[in-house]
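Asker: File query_26.txt below, compact mmCIF, C-alpha atoms:
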```txt
# COMPACT_ATOMS: atom_id res chain seq x y z
CA MET F 1 -21.99 -53.39 -18.37
CA GLY F 2 -20.61 -51.60 -15.44
CA ALA F 3 -21.55 -48.04 -14.96
CA GLN F 4 -18.70 -45.71 -15.50
CA TYR F 5 -18.06 -43.27 -12.75
CA THR F 6 -15.34 -40.98 -11.71
CA TYR F 7 -13.67 -42.39 -8.69
CA ARG F 8 -12.59 -39.87 -6.15
CA PRO F 9 -11.30 -40.96 -2.79
CA ARG F 10 -13.34 -39.71 0.11
CA GLN F 11 -10.29 -38.32 1.73
CA GLY F 12 -7.27 -36.67 0.12
CA SER F 13 -4.48 -38.89 -1.04
CA SER F 14 -1.57 -39.44 1.35
CA ARG F 15 0.73 -37.72 -1.13
CA ALA F 16 -1.42 -34.61 -1.12
CA ARG F 17 -1.53 -34.65 2.67
CA ARG F 18 2.24 -34.98 2.89
CA GLY F 19 2.64 -32.05 0.51
CA PHE F 20 0.19 -29.98 2.53
CA PHE F 21 1.99 -30.64 5.80
CA ALA F 22 5.39 -30.05 4.22
CA VAL F 23 4.37 -26.67 2.82
CA THR F 24 2.73 -25.69 6.10
CA ALA F 25 5.83 -26.66 8.03
CA LEU F 26 8.09 -24.72 5.66
CA ILE F 27 5.97 -21.57 5.94
CA ILE F 28 5.89 -21.82 9.74
CA LEU F 29 9.67 -22.28 9.75
CA ILE F 30 10.24 -19.19 7.59
CA VAL F 31 7.87 -17.12 9.73
CA ALA F 32 9.50 -18.37 12.94
CA ILE F 33 12.98 -17.51 11.65
CA ASP F 34 11.75 -14.05 10.71
CA VAL F 35 10.09 -13.41 14.05
CA LEU F 36 12.93 -14.80 16.19
CA SER F 37 15.60 -12.99 14.20
CA GLY F 38 13.81 -9.67 14.45
CA GLY F 39 12.83 -9.43 10.81
CA ILE F 40 16.00 -10.54 9.05
CA VAL F 41 14.07 -12.44 6.37
CA ARG F 42 11.80 -9.48 5.68
CA SER F 43 14.74 -7.10 5.72
CA GLY F 44 16.52 -9.18 3.10
CA ALA F 45 13.44 -9.47 0.92
CA GLN F 46 12.73 -5.74 1.14
CA THR F 47 16.33 -4.79 0.39
CA LEU F 48 16.35 -7.08 -2.63
CA THR F 49 13.06 -5.79 -3.99
CA GLY F 50 14.14 -2.19 -3.34
CA ARG F 51 17.15 -2.74 -5.60
CA VAL F 52 15.09 -4.56 -8.22
CA SER F 53 12.56 -1.75 -8.19
CA GLN F 54 15.28 0.86 -8.67
CA LEU F 55 16.83 -1.19 -11.49
CA GLY F 56 13.45 -1.45 -13.15
CA ALA F 57 12.94 2.30 -12.89
CA ALA F 58 16.42 2.93 -14.33
CA ALA F 59 15.76 0.50 -17.19
CA THR F 60 12.49 2.24 -17.96
CA VAL F 61 14.28 5.61 -18.09
CA SER F 62 17.00 4.16 -20.36
CA ILE F 63 14.54 2.62 -22.77
CA GLY F 64 12.45 5.76 -22.83
CA GLY F 65 15.52 7.92 -23.43
CA SER F 66 16.93 5.74 -26.20
CA GLY F 67 14.98 7.59 -28.79
CA TYR F 68 13.03 4.59 -30.00
CA PHE F 69 9.75 5.98 -28.72
CA SER F 70 10.90 9.58 -28.98
CA SER F 71 7.87 11.31 -30.43
CA ARG F 72 5.44 9.54 -28.17
CA ALA F 73 7.83 9.91 -25.22
CA LYS F 74 8.10 13.67 -25.76
CA LEU F 75 4.35 14.13 -25.71
CA THR F 76 3.98 11.86 -22.70
CA ALA F 77 6.74 13.70 -20.84
CA GLU F 78 5.12 17.04 -21.59
CA ILE F 79 1.75 15.82 -20.37
CA ASP F 80 3.28 14.41 -17.19
CA SER F 81 5.15 17.66 -16.59
CA LEU F 82 1.98 19.73 -16.98
CA ARG F 83 0.07 17.39 -14.69
CA GLU F 84 2.77 17.69 -12.05
CA GLN F 85 2.62 21.48 -12.27
CA LEU F 86 -1.16 21.40 -11.89
CA THR F 87 -0.88 19.05 -8.93
CA LEU F 88 1.71 21.30 -7.31
CA TYR F 89 -0.50 24.38 -7.74
CA ARG F 90 -3.45 22.53 -6.19
CA GLU F 91 -1.28 21.43 -3.27
CA ARG F 92 -0.05 24.96 -2.71
CA ALA F 93 -3.57 26.37 -2.82
CA ALA F 94 -4.83 23.78 -0.34
CA LEU F 95 -1.86 24.26 1.95
CA TYR F 96 -2.31 28.03 1.83
CA GLY F 97 -5.86 27.65 3.12
CA ALA F 98 -4.67 25.36 5.91
CA LEU F 99 -1.90 27.77 6.83
CA VAL F 100 -4.29 30.72 6.97
CA ARG F 101 -6.56 28.89 9.41
CA GLU F 102 -3.62 27.76 11.48
CA ASN F 103 -2.30 31.32 11.59
CA GLU F 104 -5.65 32.65 12.80
CA GLU F 105 -5.81 30.08 15.60
CA LEU F 106 -2.26 30.82 16.66
CA ARG F 107 -2.94 34.58 16.71
CA LEU F 108 -5.93 34.04 18.98
CA LEU F 109 -3.96 31.80 21.29
CA ALA F 110 -0.93 34.11 21.16
CA HIS F 111 1.24 31.04 20.67
CA LEU F 112 3.72 30.17 17.92
CA ALA F 113 4.49 26.62 16.75
CA GLU F 114 7.95 25.54 15.91
CA ARG F 115 8.86 23.58 12.81
CA SER F 116 10.87 20.48 13.48
CA GLY F 117 13.77 19.36 11.38
CA GLY F 118 13.51 16.24 9.29
CA ILE F 119 15.08 13.94 6.73
CA THR F 120 14.51 13.85 2.98
CA ALA F 121 14.27 10.28 1.79
CA PRO F 122 13.87 8.75 -1.68
CA VAL F 123 10.90 6.52 -2.40
CA ILE F 124 12.31 3.16 -3.53
CA SER F 125 9.20 1.12 -4.21
CA SER F 126 5.94 1.35 -6.03
CA PHE F 127 2.97 2.89 -4.20
CA ARG F 128 0.43 0.68 -5.93
CA ALA F 129 2.12 -2.71 -5.52
CA SER F 130 1.42 -3.13 -1.82
CA PRO F 131 -1.87 -4.73 -0.76
CA TYR F 132 -1.42 -3.17 2.71
CA GLY F 133 -0.94 0.46 1.67
CA THR F 134 2.79 0.42 2.46
CA PHE F 135 5.85 1.55 0.58
CA HIS F 136 9.60 1.72 1.21
CA ILE F 137 11.95 4.66 1.50
CA GLY F 138 15.71 4.67 1.18
CA ALA F 139 16.44 5.96 4.67
CA GLY F 140 16.70 3.92 7.81
CA GLU F 141 18.09 3.77 11.29
CA SER F 142 21.52 4.89 10.16
CA ASP F 143 19.94 8.08 8.78
CA GLY F 144 18.05 8.85 11.96
CA VAL F 145 14.65 7.44 11.04
CA ARG F 146 12.71 5.94 13.93
CA ALA F 147 9.54 3.87 14.07
CA GLY F 148 6.55 6.15 14.48
CA ASP F 149 8.08 9.12 12.65
CA LEU F 150 5.73 11.05 10.41
CA VAL F 151 6.22 11.10 6.64
CA LEU F 152 5.24 14.21 4.69
CA THR F 153 4.87 15.08 1.03
CA ALA F 154 6.90 17.89 -0.50
CA SER F 155 4.14 20.36 0.28
CA GLY F 156 3.67 19.30 3.89
CA PHE F 157 0.72 16.93 3.72
CA ALA F 158 0.98 14.00 6.10
CA LEU F 159 1.40 10.92 3.94
CA GLY F 160 2.19 8.13 6.36
CA ARG F 161 4.07 6.98 9.41
CA VAL F 162 7.16 4.83 9.73
CA ALA F 163 6.05 1.30 10.55
CA GLU F 164 9.36 -0.51 10.48
CA VAL F 165 12.97 0.60 10.29
CA ASN F 166 15.95 -1.30 8.92
CA ALA F 167 19.52 -0.11 8.71
CA HIS F 168 19.18 1.74 5.40
CA GLN F 169 15.51 1.60 4.50
CA SER F 170 12.15 1.86 6.16
CA THR F 171 8.62 0.66 5.59
CA ILE F 172 5.97 3.36 5.61
CA ILE F 173 2.26 2.75 6.07
CA THR F 174 0.11 5.43 4.49
CA LEU F 175 -2.34 7.20 6.76
CA LEU F 176 -5.13 6.71 4.24
CA ALA F 177 -4.42 3.02 3.61
CA SER F 178 -7.42 0.74 3.40
CA GLY F 179 -8.66 0.03 6.92
CA GLU F 180 -6.82 2.94 8.55
CA ARG F 181 -8.75 5.59 10.46
CA VAL F 182 -7.56 9.12 11.14
CA ASP F 183 -9.18 11.69 13.38
CA ALA F 184 -9.27 15.05 11.64
CA LEU F 185 -10.83 18.46 11.55
CA ILE F 186 -12.27 20.08 8.46
CA GLY F 187 -12.56 23.65 9.51
CA GLU F 188 -14.31 23.22 12.85
CA VAL F 189 -16.01 19.96 11.91
CA PRO F 190 -14.53 16.86 13.55
CA VAL F 191 -14.52 13.86 11.26
CA VAL F 192 -13.01 10.40 11.13
CA LEU F 193 -11.31 9.67 7.83
CA GLU F 194 -11.61 6.05 6.77
CA GLY F 195 -8.82 5.13 4.43
CA ARG F 196 -9.66 3.65 1.04
CA GLY F 197 -6.11 3.27 -0.26
CA GLY F 198 -4.31 5.16 -2.98
CA GLY F 199 -4.40 8.40 -1.01
CA ASN F 200 -8.20 8.40 -0.82
CA ALA F 201 -10.50 8.49 2.19
CA ILE F 202 -14.14 8.81 3.05
CA ALA F 203 -15.75 10.57 5.99
CA ASN F 204 -19.20 11.43 7.25
CA ALA F 205 -20.12 14.85 8.57
CA PRO F 206 -23.39 16.27 9.85
CA ARG F 207 -25.53 17.55 7.04
CA ALA F 208 -25.55 21.03 8.57
CA ALA F 209 -21.76 21.17 8.70
CA ARG F 210 -20.25 23.80 6.44
CA VAL F 211 -17.90 21.82 4.27
CA VAL F 212 -17.13 22.63 0.67
CA VAL F 213 -15.00 21.03 -2.02
CA GLY F 214 -11.43 22.13 -1.55
CA ASP F 215 -11.51 22.26 2.25
CA VAL F 216 -8.46 20.76 3.90
CA ALA F 217 -8.67 18.06 6.56
CA VAL F 218 -6.16 18.57 9.35
CA SER F 219 -5.23 15.61 11.49
CA THR F 220 -5.56 16.00 15.23
CA GLN F 221 -3.57 12.78 15.66
CA TYR F 222 -0.49 13.76 13.71
CA ALA F 223 0.74 17.14 14.86
CA ASN F 224 -2.11 19.03 13.15
CA ARG F 225 -0.74 18.26 9.70
CA PRO F 226 -3.03 18.40 6.67
CA VAL F 227 -3.94 14.90 5.49
CA GLY F 228 -6.32 15.43 2.62
CA VAL F 229 -8.51 17.70 0.58
CA VAL F 230 -12.27 17.36 0.10
CA GLY F 231 -12.78 16.36 -3.51
CA ARG F 232 -16.47 15.51 -3.59
CA ILE F 233 -19.50 15.79 -1.30
CA GLU F 234 -22.61 13.66 -1.47
CA SER F 235 -25.73 14.27 0.54
CA GLU F 236 -29.25 13.02 0.39
CA ALA F 237 -32.30 14.91 1.54
CA ALA F 238 -33.41 12.02 3.78
CA SER F 239 -30.03 11.61 5.46
CA ALA F 240 -28.75 13.50 8.47
CA GLU F 241 -25.18 13.13 7.22
CA GLN F 242 -23.20 14.10 4.20
CA THR F 243 -20.51 11.89 2.75
CA LEU F 244 -17.17 13.48 2.07
CA TYR F 245 -14.65 12.02 -0.34
CA LEU F 246 -11.11 13.17 0.35
CA ASN F 247 -7.84 12.63 -1.38
CA LEU F 248 -4.24 13.61 -1.15
CA PRO F 249 -3.56 16.37 -3.67
CA SER F 250 -0.17 14.79 -4.45
CA ASN F 251 0.36 12.38 -7.33
CA LEU F 252 1.62 9.33 -5.47
CA ALA F 253 2.75 7.59 -8.63
CA SER F 254 5.21 10.38 -9.47
CA MET F 255 6.41 11.07 -5.93
CA ARG F 256 10.12 10.47 -5.70
CA TYR F 257 10.99 12.00 -2.34
CA VAL F 258 9.28 12.30 0.98
CA TYR F 259 10.15 14.15 4.17
CA VAL F 260 10.45 12.29 7.46
CA VAL F 261 9.99 14.26 10.65
CA ALA F 262 10.45 13.01 14.15
CA THR F 263 7.35 13.48 16.19
CA SER F 264 5.86 12.11 19.35
CA PHE F 265 2.15 11.35 19.43
CA MET Z 1 6.48 -17.95 -16.69
CA LEU Z 2 3.32 -17.37 -14.68
CA GLY Z 3 5.33 -17.56 -11.50
CA VAL Z 4 7.89 -15.09 -12.79
CA ALA Z 5 5.10 -12.75 -13.91
CA GLY Z 6 3.58 -13.03 -10.45
CA PHE Z 7 6.84 -12.14 -8.69
CA VAL Z 8 7.49 -9.21 -11.03
CA GLY Z 9 3.92 -8.06 -10.53
CA ALA Z 10 4.35 -8.24 -6.77
CA ILE Z 11 7.18 -5.71 -7.01
CA PHE Z 12 5.94 -3.32 -9.68
CA PHE Z 13 2.22 -3.70 -10.31
CA THR Z 14 -1.04 -3.77 -8.43
CA PRO Z 15 -1.83 -6.76 -6.17
CA TRP Z 16 -4.33 -8.04 -8.76
CA VAL Z 17 -1.45 -9.22 -10.96
CA PRO Z 18 0.09 -11.63 -8.43
CA LEU Z 19 -3.42 -12.70 -7.38
CA ALA Z 20 -4.23 -13.61 -10.98
CA ALA Z 21 -0.92 -15.47 -11.22
CA VAL Z 22 -1.72 -17.44 -8.04
CA ILE Z 23 -5.16 -18.41 -9.32
CA LEU Z 24 -3.93 -19.40 -12.78
CA LEU Z 25 -1.05 -21.40 -11.35
CA SER Z 26 -3.36 -23.17 -8.91
CA LEU Z 27 -5.88 -24.14 -11.56
CA ARG Z 28 -3.40 -26.26 -13.43
CA PHE Z 29 -0.88 -27.42 -10.87
CA ARG Z 30 -0.48 -27.93 -7.17
CA ALA Z 31 1.75 -24.89 -7.51
CA TYR Z 32 3.82 -24.34 -4.39
CA GLU Z 33 5.34 -21.30 -6.07
CA ALA Z 34 1.93 -19.67 -5.66
CA ILE Z 35 2.26 -20.03 -1.90
CA ALA Z 36 5.83 -18.77 -2.16
CA LEU Z 37 4.48 -15.75 -4.04
CA GLY Z 38 1.98 -15.02 -1.28
CA LEU Z 39 4.70 -15.34 1.35
CA PHE Z 40 7.00 -13.11 -0.70
CA MET Z 41 4.34 -10.39 -0.85
CA ASP Z 42 3.91 -10.51 2.91
CA LEU Z 43 7.65 -10.40 3.49
CA MET Z 44 7.85 -7.32 1.28
CA TRP Z 45 4.78 -5.33 2.19
CA LEU Z 46 3.58 -6.22 5.71
CA PRO Z 47 3.82 -3.02 7.78
CA ALA Z 48 5.56 -4.36 10.82
CA GLY Z 49 6.06 -8.07 10.61
CA PHE Z 50 4.04 -11.22 11.11
CA MET Z 51 3.41 -10.56 14.80
CA SER Z 52 1.60 -7.27 14.24
CA SER Z 53 -0.45 -7.92 11.10
CA VAL Z 54 -2.31 -10.85 9.58
CA PRO Z 55 -0.34 -12.19 6.58
CA TRP Z 56 -3.34 -12.17 4.27
CA CYS Z 57 -1.37 -12.83 1.08
CA THR Z 58 0.15 -16.03 2.41
CA LEU Z 59 -3.16 -17.24 3.79
CA ILE Z 60 -5.09 -16.46 0.62
CA ALA Z 61 -2.48 -18.18 -1.55
CA PHE Z 62 -2.58 -21.18 0.76
CA VAL Z 63 -6.34 -21.42 0.56
CA ILE Z 64 -6.41 -20.99 -3.23
CA VAL Z 65 -3.82 -23.69 -3.83
CA PHE Z 66 -5.32 -26.30 -1.55
CA ALA Z 67 -8.98 -25.38 -1.98
CA LEU Z 68 -8.67 -25.92 -5.71
CA GLU Z 69 -7.15 -29.38 -5.20
CA PRO Z 70 -10.45 -31.28 -5.78
CA LEU Z 71 -11.12 -29.27 -8.93
CA ARG Z 72 -7.65 -30.04 -10.27
CA VAL Z 73 -8.10 -33.72 -9.50
CA GLN Z 74 -11.36 -33.79 -11.42
CA LEU Z 75 -10.11 -31.72 -14.38
CA LEU Z 76 -6.86 -33.54 -14.79
CA ARG Z 77 -8.31 -37.08 -14.84
```
Represent the supplied structure as structure tokens.
Answerer:
Amino acid sequence: MGAQYTYRPRQGSSRARRGFFAVTALIILIVAIDVLSGGIVRSGAQTLTGRVSQLGAAATVSIGGSGYFSSRAKLTAEIDSLREQLTLYRERAALYGALVRENEELRLLAHLAERSGGITAPVISSFRASPYGTFHIGAGESDGVRAGDLVLTASGFALGRVAEVNAHQSTIITLLASGERVDALIGEVPVVLEGRGGGNAIANAPRAARVVVGDVAVSTQYANRPVGVVGRIESEAASAEQTLYLNLPSNLASMRYVYVVATSF
Amino acid sequence: MLGVAGFVGAIFFTPWVPLAAVILLSLRFRAYEAIALGLFMDLMWLPAGFMSSVPWCTLIAFVIVFALEPLRVQLLR
């Protein structure tokens, strides 16, 4: 009686190899077309998904406003509204502290900074869907947006920079995206913020540094704009450093508009 | 349906949704739509194109689909 065994060829079947090479060739072709055309494939995909995203948001609003989930929707809307108010008050308080410090420095230097004009742009994609910490706004080259421009929240916190510009929309990479590093000052303490995504960052400061929860981190890379607020501090007796956990005081999920300013840095 | 859920998730939800769709598709089929999903995510979300960033989504989808080939062959016999 022959032993039963599962036969498996040592090497992959020719059909599997053909499929592998075909898929590889197709991907290389798509990438080559995109690179040689200056991003036309990506531009088309981003435009399409921007519209789908806006349609989805409109559908959600319609369903929610139909009255079917009215009682639950009312409570949810009230909670969201209160949370937004709380977030706004926290932003204003944090920005006030940053402005006071900035004002003191300027008084000592006897020098006044000028505010630059900018563009208000709608957010047309989800903040959480991107694995690279990017999102899209509905303003592009035709609106005066340029690659490298700085993107601010409504209260003036630096949110991201323009990574890529199309005719009518742009791709923004958040400053605190995973893997991004930002040089900043918390008071007089220089730190390097390491992005963790979702508007969060981590930094290390000397244990003796005077940092408290609520302190604002100001970026020395991006026109001295505030980039985050210290939310939590951890320190161990045996360590010479303290770990700072920072976050953007804005609720990214509910942000509908951002402000794009031209800057050179 | 899994493919559609993956593409919808790539637009509206966290990256874990399309990742789960890629894995589930790849377990049962030699699902080229899983690779298409990875490529779609890179086309949508890469900061500044394929020349400036590594297209991790495409690469991961590629690896998942073809790395699970021996497992599929064994399971589907």
Asker: Where does chain Z meet chain F within 7 Å, residue by residue, with the nearest atom pair and distance in Å to one decimal for each, counting only C-alpha atoms, listed by chain and rising number, as a Markdown table?
Answerer:
```
| residue | atom | partner | partner_atom | distance |
| --- | --- | --- | --- | --- |
| Z:Ala10 | CA | F:Ala129 | CA | 6.1 |
| Z:Ile11 | CA | F:Ala129 | CA | 6.1 |
| Z:Phe12 | CA | F:Ala129 | CA | 5.7 |
| Z:Phe13 | CA | F:Ala129 | CA | 4.9 |
| Z:Thr14 | CA | F:Ala129 | CA | 4.4 |
| Z:Pro15 | CA | F:Ala129 | CA | 5.7 |
| Z:Leu43 | CA | F:Arg42 | CA | 4.8 |
| Z:Met44 | CA | F:Gln46 | CA | 5.1 |
| Z:Trp45 | CA | F:Ser130 | CA | 5.7 |
| Z:Leu46 | CA | F:Tyr132 | CA | 6.6 |
| Z:Pro47 | CA | F:Ala163 | CA | 5.6 |
| Z:Ala48 | CA | F:Glu164 | CA | 5.4 |
| Z:Gly49 | CA | F:Gly39 | CA | 6.9 |
```
Asker: Just give me the gap between CA of Val261 (chain F) and CA of Gly231 (chain F) in Å, one decimal is fine.
Answerer: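 Rounded to one decimal, the two atoms are 26.9 Å apart.
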Asker: So which residues are close to (-3.6, -17.5, -11.1), meaning at most 10 Å away in the file's coordinates with all atoms listed in the file counted, and can you show them as a compact mmCIF listing (two decimals) with C-alpha atoms, in the frame of the given file?
Answerer:
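Final output, saved to part_3.txt:
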```txt
# COMPACT_ATOMS: atom_id res chain seq x y z
CA LEU Z 2 3.32 -17.37 -14.68
CA GLY Z 3 5.33 -17.56 -11.50
CA GLY Z 6 3.58 -13.03 -10.45
CA TRP Z 16 -4.33 -8.04 -8.76
CA VAL Z 17 -1.45 -9.22 -10.96
CA PRO Z 18 0.09 -11.63 -8.43
CA LEU Z 19 -3.42 -12.70 -7.38
CA ALA Z 20 -4.23 -13.61 -10.98
CA ALA Z 21 -0.92 -15.47 -11.22
CA VAL Z 22 -1.72 -17.44 -8.04
CA ILE Z 23 -5.16 -18.41 -9.32
CA LEU Z 24 -3.93 -19.40 -12.78
CA LEU Z 25 -1.05 -21.40 -11.35
CA SER Z 26 -3.36 -23.17 -8.91
CA LEU Z 27 -5.88 -24.14 -11.56
CA ARG Z 28 -3.40 -26.26 -13.43
CA ALA Z 31 1.75 -24.89 -7.51
CA ALA Z 34 1.93 -19.67 -5.66
CA ALA Z 61 -2.48 -18.18 -1.55
CA ILE Z 64 -6.41 -20.99 -3.23
CA VAL Z 65 -3.82 -23.69 -3.83
```
Asker: Using all atoms listed in the file, collect all residues at a distance of at most 7 Å from (-22.5, 15.3, 4.0) as written in the file, then present them as an MDAnalysis selection string.
Answerer: chainID F and resid 204:207 233:235 241:244
Asker: What is the CA of Ile35 (chain Z) to CA of Leu26 (chain F) distance in Å?
Answerer: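 Separation of CA of Ile35 (chain Z) and CA of Leu26 (chain F): 10.6 Å.
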Asker: Rounded to one decimal place, report the CA of Pro122 (chain F)-CA of Ala139 (chain F) distance in Å.
Answerer: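 That distance, rounded to one decimal, is 7.4 Å.
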Asker: So which one's closest to Gly179 (chain F), F:Ser142, F:Ile202, F:Ala167, F:Gly118? Using all atoms listed in the file, please.
Answerer: F:Ile202
Asker: Determine the nearest neighbour of Asp183 (chain F) from the options F:Ala25, F:Ala237, F:Val218, F:Val212, counting only C-alpha atoms.
Answerer: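 Looking at the shortest contact to Asp183 (chain F), the residue is F:Val218.
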Asker: Between F:Gly138, F:Gly148, F:Gly198, F:Gly187, which one has atoms that come closest to Gly214 (chain F), using all atoms listed in the file?
Answerer: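 Of the candidates, the smallest distance to Gly214 (chain F) is held by F:Gly187.
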